[in-house]
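Student: Next up is a structure, given as structure tokens.
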Amino acid sequence: MQKVNEYLKENEGRFIAQLAEYIRFPSVSAQPQHKNDLQACAEWLRRHCEEIGLDAKLWPTTGNPILLARTPRSRTGRRPHFLVYGHYDVQPPEPFDLWKSPPFEPRIQGRSIFGRGASDNKGQHLAHMNAIEAYLKTGVELPCDVTFLIEGEEEVGSASLAAFAKQHRDQLGCDALVISDTGMPGLKQPALTYALRGIVSFEIKLLGPARDLHSGIFGGSVENPAMALCRLLGSLRDHRGRITIPGYYDDVVPLTRYERKELARLPFSQRAYQKLLGVRRLFGEAGFTPTEQRTARPTFEINGLTSGYQGEGSKTIVPAWAGAKITMRLVPRQKPEKIRQLVFQYMRRVCPPTVRMELTAGHGAEPYFVSPQGAKCQAALRALKQAFGCEPVLIREGGSLPIINELTKVLRTEALLLGLALPDDNAHSPNEKFDLDCFAKGMLMSAGLWPELAQASR
């Protein structure tokens, strides 16, 4: 390991220059005018993988190509096999006027490199590639086989990846999936993310009179759909922040004492959090900390409300209809279809007979959970500690990454989420950056990860 780590430190400047070259590709998957840029970026990545000693190939899809790059296979028998997932596509950079430098002209300031895609996700998976390069170029034998699966459609829903994974299941079968596309609280708090919330979305529409009515002539004799919708939605949460839909919490697994202890280790200031959010007071489900509320508890959120006249001045009407867009964040063991069915059944039961209700199902994704006390998670925590020089933390993420469930189900494996991004790296925002200390320590973490994982797999 000494030779590998020395190689990484000696070549850090070159690795940063390569990351800058990688960032220069405007690989924006959401914008059709960047189709050729995505292809060029994928070609650059393939050549880079070949130069460091990987067997690399681009696979065409109906969207953007997928890269598979493998380490040379052992001739002495089967070794553990691990799959590293990442994506070379990036978010649109707009609004341009909020960037301090052009988004695809990387700028280094202090120990940060600025540019779209720096942390999400080019810098994070490049750190793993650099670690593998260090093994291959120093002649130190890897204790396992490693395959990189890098796609170009993550920012637009990974439409091609699930079918690709099923088609190439034999090549992708692995002992664990390693993903660095999340974050960590700080350089002194490297993190393993062991759970992600799922999501269910739907729209509700209450229909009243056949048209908007004069509120002076007809008001008081017909139900106002906007009022009915407010009453209905307001009844779905009590004053303690608990969702009132029967059965909603039936499958929720309580946090263990170990989990609550680990989550309590995360740095948190209520005053700073309120200031960050711009709220006078916090509100959440009683009996849980703000960290637990936003990462480990289910939610029911109104994303948008629409009804009646929205223009300038007033218009005295009883609106013909009212609607809302809803999302619910789910925690491990909750199933999207079951929750949607429970919610729809309850709403139909409590909907007043004075209006008609339309419910339209939207997208859904299951939560993800891996036991943080499992052998591979413990191996990952040891690698984090060795690289960062401090005790790592266990975290849950409140958001959803649907592709993780797709891959783990198809490949029948578990995912280790070892994010290297900091909270202020501005993913999806202007002035995105990647901390170069995270980049350097991420390479060391990856180098130490493979012996740890190989041992855990045996």
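Each chain of the structure tokens is named A, B, ... in the order shown, its residues numbered from 1; ligands are numbered from 1 in display order.
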Write out as a ChimeraX atom specification the residues lying within 7 Å of Asn224 in chain A, counting only C-alpha atoms and excluding same-chain residues fewer than 3 positions away.

Tutor: /A:208,227-228,318-319

Student: Would you export the selected residues with all heavy atoms as a short mmCIF file (atom, residue, chain, number, x, y, z; two decimals), in the first residue's frame, please?

Tutor:
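This is the output file again-v1.cif:
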data_model
loop_
_atom_site.label_atom_id
_atom_site.label_comp_id
_atom_site.auth_asym_id
_atom_site.auth_seq_id
_atom_site.Cartn_x
_atom_site.Cartn_y
_atom_site.Cartn_z
N GLY A 208 -65.75 21.38 -8.77
CA GLY A 208 -67.00 21.89 -8.21
C GLY A 208 -67.98 22.26 -9.30
O GLY A 208 -68.39 21.42 -10.10
N MET A 227 -61.63 25.67 -0.82
CA MET A 227 -61.83 25.47 0.61
C MET A 227 -61.88 23.98 0.94
O MET A 227 -61.29 23.52 1.93
CB MET A 227 -63.12 26.15 1.06
CG MET A 227 -63.10 27.66 0.99
SD MET A 227 -62.03 28.39 2.23
CE MET A 227 -62.99 28.09 3.71
N ALA A 228 -62.57 23.21 0.10
CA ALA A 228 -62.67 21.77 0.34
C ALA A 228 -61.30 21.11 0.27
O ALA A 228 -60.97 20.23 1.09
CB ALA A 228 -63.62 21.14 -0.68
N VAL A 318 -66.26 31.98 -7.09
CA VAL A 318 -66.11 30.64 -6.51
C VAL A 318 -65.46 29.82 -7.62
O VAL A 318 -66.06 29.63 -8.68
CB VAL A 318 -67.47 30.03 -6.13
CG1 VAL A 318 -67.28 28.58 -5.67
CG2 VAL A 318 -68.16 30.85 -5.06
N PRO A 319 -64.20 29.38 -7.44
CA PRO A 319 -63.51 28.69 -8.54
C PRO A 319 -64.17 27.36 -8.88
O PRO A 319 -64.78 26.71 -8.02
CB PRO A 319 -62.10 28.50 -7.99
CG PRO A 319 -62.25 28.52 -6.52
CD PRO A 319 -63.37 29.47 -6.23
#

Student: With 12 Å as the cut-off and only C-alpha atoms counted, what is the closest atom pair between each nearby residue of range 245-358 of chain A and range 400-424 of chain A? Distances in Å to one decimal, ordered by chain and number, as a Markdown table.

Tutor:
| residue | atom | partner | partner_atom | distance |
| --- | --- | --- | --- | --- |
| A:Leu276 | CA | A:Asp424 | CA | 11.9 |
| A:Thr295 | CA | A:Ser400 | CA | 10.4 |
| A:Thr327 | CA | A:Ser400 | CA | 11.9 |
| A:Met328 | CA | A:Ser400 | CA | 11.2 |
| A:Arg329 | CA | A:Ser400 | CA | 8.4 |
| A:Leu330 | CA | A:Ser400 | CA | 9.2 |
| A:Val331 | CA | A:Ser400 | CA | 10.1 |
| A:Pro332 | CA | A:Ser400 | CA | 11.5 |
| A:Pro336 | CA | A:Pro402 | CA | 11.9 |

Student: Let me see the file: selected residues, C-alpha atoms, as a PDB file, in the first residue's frame.

Tutor:
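Generated output (selection.pdb):
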ATOM      1  CA  LEU A 276     -29.855  28.682   6.439  1.00  0.00           C
ATOM      2  CA  THR A 295     -33.553  11.739   6.683  1.00  0.00           C
ATOM      3  CA  THR A 327     -44.912  14.033  -2.982  1.00  0.00           C
ATOM      4  CA  MET A 328     -44.307  11.676  -0.094  1.00  0.00           C
ATOM      5  CA  ARG A 329     -40.832  10.624   1.028  1.00  0.00           C
ATOM      6  CA  LEU A 330     -40.716   7.014   2.197  1.00  0.00           C
ATOM      7  CA  VAL A 331     -38.334   5.221   4.540  1.00  0.00           C
ATOM      8  CA  PRO A 332     -37.024   1.634   4.352  1.00  0.00           C
ATOM      9  CA  PRO A 336     -44.537   3.115  -3.048  1.00  0.00           C
TER      10      PRO A 336
END

Student: Which residues are close to Leu453 in chain A, i.e. within 8 Å by only C-alpha atoms, leaving aside same-chain residues fewer than 2 positions away? Reply as a VMD selection string.

Tutor: chain A and resid 376 379 to 380 449 to 451 455 to 457

Student: Just N, CA and C atoms for this one: save the residues we selected as a PDB file, in the first residue's frame.

Tutor:
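Writing done, so here's part_25.pdb:
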ATOM      1  N   LYS A 376     -19.265  -5.615   4.817  1.00  0.00           N
ATOM      2  CA  LYS A 376     -18.741  -4.721   3.780  1.00  0.00           C
ATOM      3  C   LYS A 376     -18.855  -3.258   4.208  1.00  0.00           C
ATOM      4  N   ALA A 379     -16.044  -2.630   6.467  1.00  0.00           N
ATOM      5  CA  ALA A 379     -14.813  -2.518   5.686  1.00  0.00           C
ATOM      6  C   ALA A 379     -14.681  -1.130   5.083  1.00  0.00           C
ATOM      7  N   ALA A 380     -15.788  -0.599   4.556  1.00  0.00           N
ATOM      8  CA  ALA A 380     -15.771   0.741   3.981  1.00  0.00           C
ATOM      9  C   ALA A 380     -15.468   1.794   5.044  1.00  0.00           C
ATOM     10  N   LEU A 449      -9.743   0.794   0.060  1.00  0.00           N
ATOM     11  CA  LEU A 449     -11.047   0.132   0.088  1.00  0.00           C
ATOM     12  C   LEU A 449     -10.983  -1.290  -0.459  1.00  0.00           C
ATOM     13  N   TRP A 450     -10.211  -1.494  -1.530  1.00  0.00           N
ATOM     14  CA  TRP A 450     -10.253  -2.789  -2.219  1.00  0.00           C
ATOM     15  C   TRP A 450      -9.690  -3.918  -1.370  1.00  0.00           C
ATOM     16  N   PRO A 451      -8.567  -3.750  -0.674  1.00  0.00           N
ATOM     17  CA  PRO A 451      -8.144  -4.839   0.233  1.00  0.00           C
ATOM     18  C   PRO A 451      -9.161  -5.101   1.347  1.00  0.00           C
ATOM     19  N   GLN A 455     -11.225  -8.680   1.644  1.00  0.00           N
ATOM     20  CA  GLN A 455     -11.156  -9.480   2.869  1.00  0.00           C
ATOM     21  C   GLN A 455     -12.559  -9.734   3.423  1.00  0.00           C
ATOM     22  N   ALA A 456     -13.400  -8.693   3.420  1.00  0.00           N
ATOM     23  CA  ALA A 456     -14.765  -8.863   3.921  1.00  0.00           C
ATOM     24  C   ALA A 456     -15.561  -9.835   3.078  1.00  0.00           C
ATOM     25  N   SER A 457     -15.307  -9.872   1.782  1.00  0.00           N
ATOM     26  CA  SER A 457     -16.055 -10.760   0.884  1.00  0.00           C
ATOM     27  C   SER A 457     -15.649 -12.215   1.071  1.00  0.00           C
TER      28      SER A 457
END

Student: Nearest residue to Leu19 in chain A out of A:Ala210, A:Ala40, A:Leu45, A:Val370, using only C-alpha atoms?

Tutor: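 For Leu19 in chain A, the nearest of the candidates is A:Leu45.
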
Student: Might you pull out every residue within 12 Å of Ile199 in chain A, with only C-alpha atoms counted and same-chain residues fewer than 2 positions away left off, and present them as number ranges by chain?

Tutor: A: 196-197, 201-202, 298-301, 326-332, 334-340, 362-368, 398-402

Student: DSSP on the backbone: which residues in range 223-429 of chain A end up as helix (DSSP H, G or I)? Give the answer as a ChimeraX atom specification.

Tutor: /A:225-234,257-264,270-277,290-295,336-350,375-388,402-411
